Amino acid sequence: MTNFDVYLADAKTVAIAGHVRPDGDCAGSCLATYNYIKNYFPHVKVDLYLEPIPNIFKFMKRSEEILSEWPDDRKYDLFIAQDCGDAKRLGNAAKYFESAEHTICVDHHVSNQNFAEHNYIFPDASSTCELIFELLPDERIDREIAECIYTGMVHDTGVFQYSCTSRKTMEIAGKLIEKGINFPKIVDETFFTKTYNQNRIMGLALMKSVLHLDGKCISSVITKQEMEEYDVLPKHLDGIVSQLRVTKDVEVAIFLYELEDGEFKVSTRSKELVDLSEIAVKFDGGGHVRAAGFSMKGEPEQIIEAILEEVKKQL
């Protein structure tokens, strides 16, 4: 697959979706593709399905058109899955993937199972947005589409500081800047700016953090009760695991927050030595070498201990 156009030529109906609890790369890549189809294939009926995205990403063009309900069993000619390692991660939109005439997956997760009919999977890419840039004709990437792509790249690279950042990543970022985007504003308002309550819950997570394995690992847990007390939602916890990761001498950071019925969402980050995607797969999750996640039921201490056992094997 070299571009989307060949697949869109014969499609009258298209669905786009990304993973549950969409982050910047998921929202940015999906909106970039959605805007591209809206702009250049006006005869195509296209729907974008995502769970509600964080408010910081709602500046992106047509974000108000995202569908966060899945009311019927409509069938699409083409389904485009983005930033998603397997069909289960599509959440409620998975039913449209299963019934679609043709399917495409664009992703950079090393744990991707090549689950679509046509797969554009490059684990070495910094982000799915980087891949979307490659699949769209440069002359058709306007400022609004460039904003979507740049936003996703910023968030999956930690503002171009993570090891997934390559020369190609920086070259693409430069081309996007030339499209006229306000890149300092995107970085500041979507990556660095936090609400007062977000700062408070991050402070709590840092205060509760615990060192393990002679200081090579750090963990922290936020309960559902604490989230209610601090008036935050799961989407407001972004950045906590990355802040834990930058602790001096720490190789692996583990962050848990409570969902429903005793289940915890686990986010992990590593610096150089530990392949977190390998660990995540063992717990029915997925992700990248340096950033991966999954969900587990049980007591948080037991969950952390199970993860530490896998970390020790690699260290």
# chains A, B, ... in the order shown; residues from 1 in each chain; ligands from 1

$ residues_around --residues "Asp214 in chain A" --least-positions-apart "6" --cutoff "12 Å" --atoms "only C-alpha atoms" --output "mmCIF file with N, CA, C and O atoms, in the first residue's frame"
data_model
loop_
_atom_site.group_PDB
_atom_site.id
_atom_site.type_symbol
_atom_site.label_atom_id
_atom_site.label_comp_id
_atom_site.auth_asym_id
_atom_site.auth_seq_id
_atom_site.Cartn_x
_atom_site.Cartn_y
_atom_site.Cartn_z
ATOM 1 N N ASP A 249 18.004 7.323 37.609
ATOM 2 C CA ASP A 249 18.426 5.930 37.765
ATOM 3 C C ASP A 249 17.297 4.914 37.541
ATOM 4 O O ASP A 249 17.527 3.709 37.661
ATOM 5 N N VAL A 250 16.101 5.366 37.213
ATOM 6 C CA VAL A 250 14.986 4.448 36.949
ATOM 7 C C VAL A 250 15.021 3.982 35.500
ATOM 8 O O VAL A 250 15.194 4.791 34.581
ATOM 9 N N GLU A 251 14.872 2.693 35.283
ATOM 10 C CA GLU A 251 14.791 2.118 33.945
ATOM 11 C C GLU A 251 13.343 1.911 33.522
ATOM 12 O O GLU A 251 12.992 2.130 32.361
ATOM 13 N N VAL A 252 12.474 1.481 34.436
ATOM 14 C CA VAL A 252 11.083 1.177 34.099
ATOM 15 C C VAL A 252 10.137 1.900 35.041
ATOM 16 O O VAL A 252 10.333 1.897 36.267
ATOM 17 N N LEU A 308 6.919 -6.769 37.827
ATOM 18 C CA LEU A 308 8.326 -6.713 38.271
ATOM 19 C C LEU A 308 9.054 -8.041 38.004
ATOM 20 O O LEU A 308 10.250 -8.041 37.662
ATOM 21 N N LYS A 312 12.435 -8.162 35.885
ATOM 22 C CA LYS A 312 13.677 -8.755 36.422
ATOM 23 C C LYS A 312 14.308 -9.729 35.424
ATOM 24 O O LYS A 312 15.533 -9.809 35.320
ATOM 25 N N LEU A 315 16.208 -7.551 33.035
ATOM 26 C CA LEU A 315 17.341 -6.835 33.629
ATOM 27 C C LEU A 315 18.479 -7.762 34.028
ATOM 28 O O LEU A 315 19.624 -7.343 34.107
#

$ residues_around --residues "His19 in chain A" --least-positions-apart "3" --cutoff "7 Å" --atoms "only C-alpha atoms" --output "list in words"
Pro22, Cys26, Asp83, Cys84, Arg89, Leu90 and Gly91 of chain A

$ write_last_selection --atoms "N, CA and C atoms" --output "short mmCIF file (atom, residue, chain, number, x, y, z; two decimals), in the first residue's frame"
data_model
loop_
_atom_site.label_atom_id
_atom_site.label_comp_id
_atom_site.auth_asym_id
_atom_site.auth_seq_id
_atom_site.Cartn_x
_atom_site.Cartn_y
_atom_site.Cartn_z
N PRO A 22 -8.83 7.05 23.16
CA PRO A 22 -7.92 7.63 22.17
C PRO A 22 -6.97 8.67 22.75
N CYS A 26 -3.77 8.64 18.13
CA CYS A 26 -4.99 8.02 17.63
C CYS A 26 -5.94 9.08 17.07
N ASP A 83 -3.82 3.11 14.39
CA ASP A 83 -3.17 3.14 15.71
C ASP A 83 -3.75 2.06 16.62
N CYS A 84 -4.00 0.90 16.06
CA CYS A 84 -4.70 -0.16 16.79
C CYS A 84 -4.06 -1.51 16.48
N ARG A 89 -9.22 -3.95 20.22
CA ARG A 89 -8.90 -2.60 20.69
C ARG A 89 -9.74 -1.53 20.01
N LEU A 90 -10.52 -1.92 18.99
CA LEU A 90 -11.41 -0.97 18.34
C LEU A 90 -12.66 -0.71 19.17
N GLY A 91 -12.84 -1.49 20.22
CA GLY A 91 -14.01 -1.31 21.08
C GLY A 91 -15.30 -1.59 20.35
#

$ select_by_dssp --residues "range 76-306 of chain A" --states "strand (DSSP E or B)" --output "ChimeraX atom specification"
/A:78-82,102-107,118-121,210-212,217-222,252-258,263-270,286-287,291-297

$ closest_residue --among "A:Glu130, A:Asp77, A:Glu260, A:Glu64" --to "Val46 in chain A" --atoms "only C-alpha atoms"
A:Asp77

$ select_by_dssp --residues "range 31-190 of chain A" --states "helix (DSSP H, G or I)" --output "JSON, numbers by chain"
{"A": [31, 32, 33, 34, 35, 36, 37, 38, 39, 40, 55, 56, 57, 63, 64, 65, 87, 88, 89, 90, 91, 92, 93, 94, 95, 96, 97, 98, 99, 128, 129, 130, 131, 132, 133, 134, 135, 138, 139, 140, 143, 144, 145, 146, 147, 148, 149, 150, 151, 152, 153, 154, 155, 156, 157, 167, 168, 169, 170, 171, 172, 173, 174, 175, 176, 177, 183, 184, 185, 186, 187, 188, 189, 190]}

$ closest_residue --among "A:Lys168, A:Lys224, A:Lys12, A:Lys61" --to "Thr33 in chain A" --atoms "only C-alpha atoms"
A:Lys61

$ residues_around --residues "Thr195 in chain A" --least-positions-apart "2" --cutoff "12 Å" --atoms "only C-alpha atoms" --output "JSON, numbers by chain"
{"A": [55, 56, 189, 190, 191, 192, 193, 197, 198, 199, 200, 201, 202, 230, 231, 232, 236, 237, 238]}

$ write_last_selection --atoms "N, CA, C and O atoms" --output "JSON list (two decimals), in the first residue's frame"
[["chain", "number", "residue", "atom", "x", "y", "z"],
["A", 55, "ASN", "N", -10.47, 17.15, 25.63],
["A", 55, "ASN", "CA", -10.80, 18.49, 25.14],
["A", 55, "ASN", "C", -9.62, 19.16, 24.45],
["A", 55, "ASN", "O", -9.81, 19.97, 23.53],
["A", 56, "ILE", "N", -8.40, 18.84, 24.87],
["A", 56, "ILE", "CA", -7.22, 19.50, 24.29],
["A", 56, "ILE", "C", -7.06, 19.19, 22.81],
["A", 56, "ILE", "O", -6.36, 19.92, 22.09],
["A", 189, "GLU", "N", -0.21, 23.79, 24.30],
["A", 189, "GLU", "CA", -1.59, 23.62, 24.76],
["A", 189, "GLU", "C", -2.05, 22.17, 24.80],
["A", 189, "GLU", "O", -3.00, 21.85, 25.54],
["A", 190, "THR", "N", -1.42, 21.28, 24.05],
["A", 190, "THR", "CA", -1.88, 19.88, 24.07],
["A", 190, "THR", "C", -0.94, 18.96, 24.83],
["A", 190, "THR", "O", -1.37, 17.88, 25.25],
["A", 191, "PHE", "N", 0.31, 19.36, 25.02],
["A", 191, "PHE", "CA", 1.25, 18.47, 25.69],
["A", 191, "PHE", "C", 1.63, 18.95, 27.09],
["A", 191, "PHE", "O", 1.61, 18.18, 28.05],
["A", 192, "PHE", "N", 1.97, 20.22, 27.23],
["A", 192, "PHE", "CA", 2.49, 20.71, 28.50],
["A", 192, "PHE", "C", 1.43, 21.28, 29.43],
["A", 192, "PHE", "O", 1.51, 21.11, 30.64],
["A", 193, "THR", "N", 0.46, 21.98, 28.90],
["A", 193, "THR", "CA", -0.54, 22.63, 29.75],
["A", 193, "THR", "C", -1.39, 21.62, 30.50],
["A", 193, "THR", "O", -1.92, 20.68, 29.90],
["A", 197, "ASN", "N", -6.42, 20.57, 38.63],
["A", 197, "ASN", "CA", -6.69, 19.23, 39.16],
["A", 197, "ASN", "C", -5.76, 18.18, 38.59],
["A", 197, "ASN", "O", -5.39, 17.21, 39.27],
["A", 198, "GLN", "N", -5.34, 18.34, 37.35],
["A", 198, "GLN", "CA", -4.37, 17.41, 36.76],
["A", 198, "GLN", "C", -3.03, 17.51, 37.49],
["A", 198, "GLN", "O", -2.38, 16.49, 37.74],
["A", 199, "ASN", "N", -2.62, 18.72, 37.80],
["A", 199, "ASN", "CA", -1.38, 18.89, 38.55],
["A", 199, "ASN", "C", -1.48, 18.28, 39.94],
["A", 199, "ASN", "O", -0.53, 17.68, 40.45],
["A", 200, "ARG", "N", -2.64, 18.43, 40.57],
["A", 200, "ARG", "CA", -2.83, 17.87, 41.91],
["A", 200, "ARG", "C", -2.77, 16.35, 41.89],
["A", 200, "ARG", "O", -2.13, 15.73, 42.75],
["A", 201, "ILE", "N", -3.43, 15.71, 40.90],
["A", 201, "ILE", "CA", -3.45, 14.24, 40.87],
["A", 201, "ILE", "C", -2.06, 13.71, 40.49],
["A", 201, "ILE", "O", -1.64, 12.66, 40.98],
["A", 202, "MET", "N", -1.32, 14.45, 39.65],
["A", 202, "MET", "CA", 0.05, 14.04, 39.35],
["A", 202, "MET", "C", 0.91, 14.13, 40.60],
["A", 202, "MET", "O", 1.72, 13.24, 40.88],
["A", 230, "TYR", "N", -10.36, 14.02, 43.50],
["A", 230, "TYR", "CA", -9.64, 15.09, 42.82],
["A", 230, "TYR", "C", -10.37, 15.57, 41.57],
["A", 230, "TYR", "O", -9.87, 16.43, 40.84],
["A", 231, "ASP", "N", -11.56, 15.01, 41.31],
["A", 231, "ASP", "CA", -12.41, 15.42, 40.20],
["A", 231, "ASP", "C", -11.70, 15.31, 38.85],
["A", 231, "ASP", "O", -11.65, 16.25, 38.06],
["A", 232, "VAL", "N", -11.12, 14.12, 38.60],
["A", 232, "VAL", "CA", -10.46, 13.87, 37.32],
["A", 232, "VAL", "C", -10.98, 12.57, 36.71],
["A", 232, "VAL", "O", -11.50, 11.70, 37.41],
["A", 236, "HIS", "N", -7.46, 12.49, 32.09],
["A", 236, "HIS", "CA", -6.68, 13.54, 32.74],
["A", 236, "HIS", "C", -5.38, 13.01, 33.36],
["A", 236, "HIS", "O", -4.61, 13.79, 33.94],
["A", 237, "LEU", "N", -5.15, 11.71, 33.26],
["A", 237, "LEU", "CA", -3.97, 11.10, 33.87],
["A", 237, "LEU", "C", -2.79, 11.00, 32.91],
["A", 237, "LEU", "O", -1.73, 10.48, 33.28],
["A", 238, "ASP", "N", -2.97, 11.48, 31.69],
["A", 238, "ASP", "CA", -1.87, 11.45, 30.72],
["A", 238, "ASP", "C", -0.67, 12.21, 31.26],
["A", 238, "ASP", "O", -0.81, 13.29, 31.84]]

$ residues_around --residues "Ala291 in chain A" --least-positions-apart "4" --cutoff "10 Å" --atoms "only C-alpha atoms" --output "NGL selection string"
:A and (109 or 156 or 162 or 241-242 or 252-253 or 267-271 or 274-277 or 280 or 286-287)

$ residues_around --residues "Asp23 in chain A" --least-positions-apart "2" --cutoff "10 Å" --atoms "only C-alpha atoms" --output "ChimeraX atom specification"
/A:18-21,25-28,53-54,57,83,152,155-156,235,238

$ write_last_selection --atoms "C-alpha atoms" --output "CSV table (one decimal), in the first residue's frame"
chain,number,residue,atom,x,y,z
A,18,GLY,CA,-8.9,3.9,16.4
A,19,HIS,CA,-8.2,2.3,19.7
A,20,VAL,CA,-10.3,2.7,22.9
A,21,ARG,CA,-9.4,5.7,25.1
A,25,ASP,CA,-1.7,9.9,17.9
A,26,CYS,CA,-5.0,8.0,17.6
A,27,ALA,CA,-7.1,11.2,17.4
A,28,GLY,CA,-4.7,13.0,15.2
A,53,ILE,CA,-11.4,12.5,22.9
A,54,PRO,CA,-9.8,14.8,25.5
A,57,PHE,CA,-7.6,17.7,20.9
A,83,ASP,CA,-3.2,3.1,15.7
A,152,GLY,CA,-0.1,12.9,16.9
A,155,HIS,CA,2.3,13.1,21.6
A,156,ASP,CA,3.8,9.7,20.6
A,235,LYS,CA,-8.1,11.1,30.2
A,238,ASP,CA,-1.9,11.4,30.7

$ atom_distance --atom1 "CA of Ser219 in chain A" --atom2 "CA of Arg245 in chain A"
9.4 Å

$ decode --residues "range 71-85 of chain A" --atoms "all heavy atoms" --output "short mmCIF file (atom, residue, chain, number, x, y, z; two decimals), in the first residue's frame"
data_model
loop_
_atom_site.label_atom_id
_atom_site.label_comp_id
_atom_site.auth_asym_id
_atom_site.auth_seq_id
_atom_site.Cartn_x
_atom_site.Cartn_y
_atom_site.Cartn_z
N PRO A 71 -24.98 3.00 17.06
CA PRO A 71 -26.39 2.64 17.22
C PRO A 71 -26.90 1.48 16.38
O PRO A 71 -27.88 0.85 16.73
CB PRO A 71 -27.11 3.93 16.83
CG PRO A 71 -26.19 4.57 15.82
CD PRO A 71 -24.80 4.24 16.29
N ASP A 72 -26.26 1.20 15.25
CA ASP A 72 -26.82 0.17 14.37
C ASP A 72 -25.71 -0.70 13.80
O ASP A 72 -24.54 -0.55 14.12
CB ASP A 72 -27.65 0.81 13.24
CG ASP A 72 -26.83 1.85 12.47
OD1 ASP A 72 -25.62 1.64 12.29
OD2 ASP A 72 -27.41 2.86 12.04
N ASP A 73 -26.11 -1.58 12.92
CA ASP A 73 -25.16 -2.54 12.33
C ASP A 73 -24.92 -2.23 10.86
O ASP A 73 -24.91 -3.12 10.02
CB ASP A 73 -25.69 -3.97 12.50
CG ASP A 73 -25.76 -4.38 13.95
OD1 ASP A 73 -24.88 -3.95 14.72
OD2 ASP A 73 -26.68 -5.12 14.32
N ARG A 74 -24.76 -0.96 10.53
CA ARG A 74 -24.53 -0.57 9.14
C ARG A 74 -23.25 -1.22 8.61
O ARG A 74 -22.32 -1.48 9.37
CB ARG A 74 -24.46 0.95 9.02
CG ARG A 74 -23.29 1.58 9.73
CD ARG A 74 -23.39 3.10 9.73
NE ARG A 74 -24.48 3.55 10.59
CZ ARG A 74 -24.74 4.85 10.82
NH1 ARG A 74 -24.02 5.78 10.24
NH2 ARG A 74 -25.73 5.19 11.61
N LYS A 75 -23.23 -1.46 7.31
CA LYS A 75 -22.10 -2.13 6.67
C LYS A 75 -21.38 -1.14 5.75
O LYS A 75 -22.01 -0.40 5.00
CB LYS A 75 -22.57 -3.34 5.87
CG LYS A 75 -21.44 -4.15 5.25
CD LYS A 75 -21.95 -5.42 4.59
CE LYS A 75 -20.81 -6.23 4.00
NZ LYS A 75 -21.30 -7.49 3.37
N TYR A 76 -20.04 -1.14 5.81
CA TYR A 76 -19.23 -0.21 5.04
C TYR A 76 -18.45 -0.94 3.95
O TYR A 76 -18.07 -2.10 4.11
CB TYR A 76 -18.25 0.52 5.95
CG TYR A 76 -18.91 1.48 6.91
CD1 TYR A 76 -19.31 1.05 8.19
CD2 TYR A 76 -19.15 2.80 6.56
CE1 TYR A 76 -19.93 1.93 9.07
CE2 TYR A 76 -19.76 3.69 7.44
CZ TYR A 76 -20.15 3.25 8.69
OH TYR A 76 -20.76 4.11 9.56
N ASP A 77 -18.21 -0.21 2.85
CA ASP A 77 -17.37 -0.77 1.79
C ASP A 77 -15.92 -0.91 2.26
O ASP A 77 -15.23 -1.87 1.91
CB ASP A 77 -17.40 0.15 0.55
CG ASP A 77 -18.77 0.26 -0.07
OD1 ASP A 77 -19.55 -0.70 0.04
OD2 ASP A 77 -19.07 1.31 -0.67
N LEU A 78 -15.47 0.05 3.08
CA LEU A 78 -14.08 0.06 3.52
C LEU A 78 -14.01 0.50 4.97
O LEU A 78 -14.65 1.48 5.37
CB LEU A 78 -13.25 1.01 2.66
CG LEU A 78 -11.77 1.18 3.01
CD1 LEU A 78 -11.01 -0.12 2.79
CD2 LEU A 78 -11.15 2.31 2.17
N PHE A 79 -13.24 -0.21 5.77
CA PHE A 79 -13.00 0.16 7.16
C PHE A 79 -11.50 0.40 7.32
O PHE A 79 -10.69 -0.46 6.99
CB PHE A 79 -13.45 -0.94 8.12
CG PHE A 79 -13.41 -0.56 9.57
CD1 PHE A 79 -14.57 -0.27 10.26
CD2 PHE A 79 -12.19 -0.47 10.26
CE1 PHE A 79 -14.53 0.10 11.61
CE2 PHE A 79 -12.14 -0.11 11.59
CZ PHE A 79 -13.32 0.17 12.26
N ILE A 80 -11.13 1.58 7.85
CA ILE A 80 -9.73 1.92 8.07
C ILE A 80 -9.47 1.97 9.57
O ILE A 80 -9.96 2.86 10.27
CB ILE A 80 -9.38 3.28 7.43
CG1 ILE A 80 -9.73 3.28 5.94
CG2 ILE A 80 -7.88 3.57 7.61
CD1 ILE A 80 -9.55 4.63 5.26
N ALA A 81 -8.72 0.99 10.08
CA ALA A 81 -8.33 0.96 11.49
C ALA A 81 -6.97 1.62 11.64
O ALA A 81 -6.04 1.31 10.89
CB ALA A 81 -8.28 -0.48 11.99
N GLN A 82 -6.85 2.53 12.62
CA GLN A 82 -5.60 3.27 12.78
C GLN A 82 -5.13 3.25 14.23
O GLN A 82 -5.93 3.33 15.16
CB GLN A 82 -5.79 4.72 12.30
CG GLN A 82 -6.14 4.79 10.82
CD GLN A 82 -6.21 6.20 10.27
OE1 GLN A 82 -6.56 6.39 9.11
NE2 GLN A 82 -5.87 7.20 11.06
N ASP A 83 -3.82 3.11 14.39
CA ASP A 83 -3.17 3.14 15.71
C ASP A 83 -3.75 2.06 16.62
O ASP A 83 -3.94 2.28 17.81
CB ASP A 83 -3.34 4.52 16.34
CG ASP A 83 -2.31 4.78 17.44
OD1 ASP A 83 -1.16 4.34 17.29
OD2 ASP A 83 -2.66 5.42 18.45
N CYS A 84 -4.00 0.90 16.06
CA CYS A 84 -4.70 -0.16 16.79
C CYS A 84 -4.06 -1.51 16.48
O CYS A 84 -3.93 -1.88 15.30
CB CYS A 84 -6.17 -0.16 16.39
SG CYS A 84 -7.23 -1.11 17.48
N GLY A 85 -3.65 -2.25 17.52
CA GLY A 85 -2.92 -3.49 17.33
C GLY A 85 -3.75 -4.71 17.01
O GLY A 85 -3.26 -5.68 16.45
#
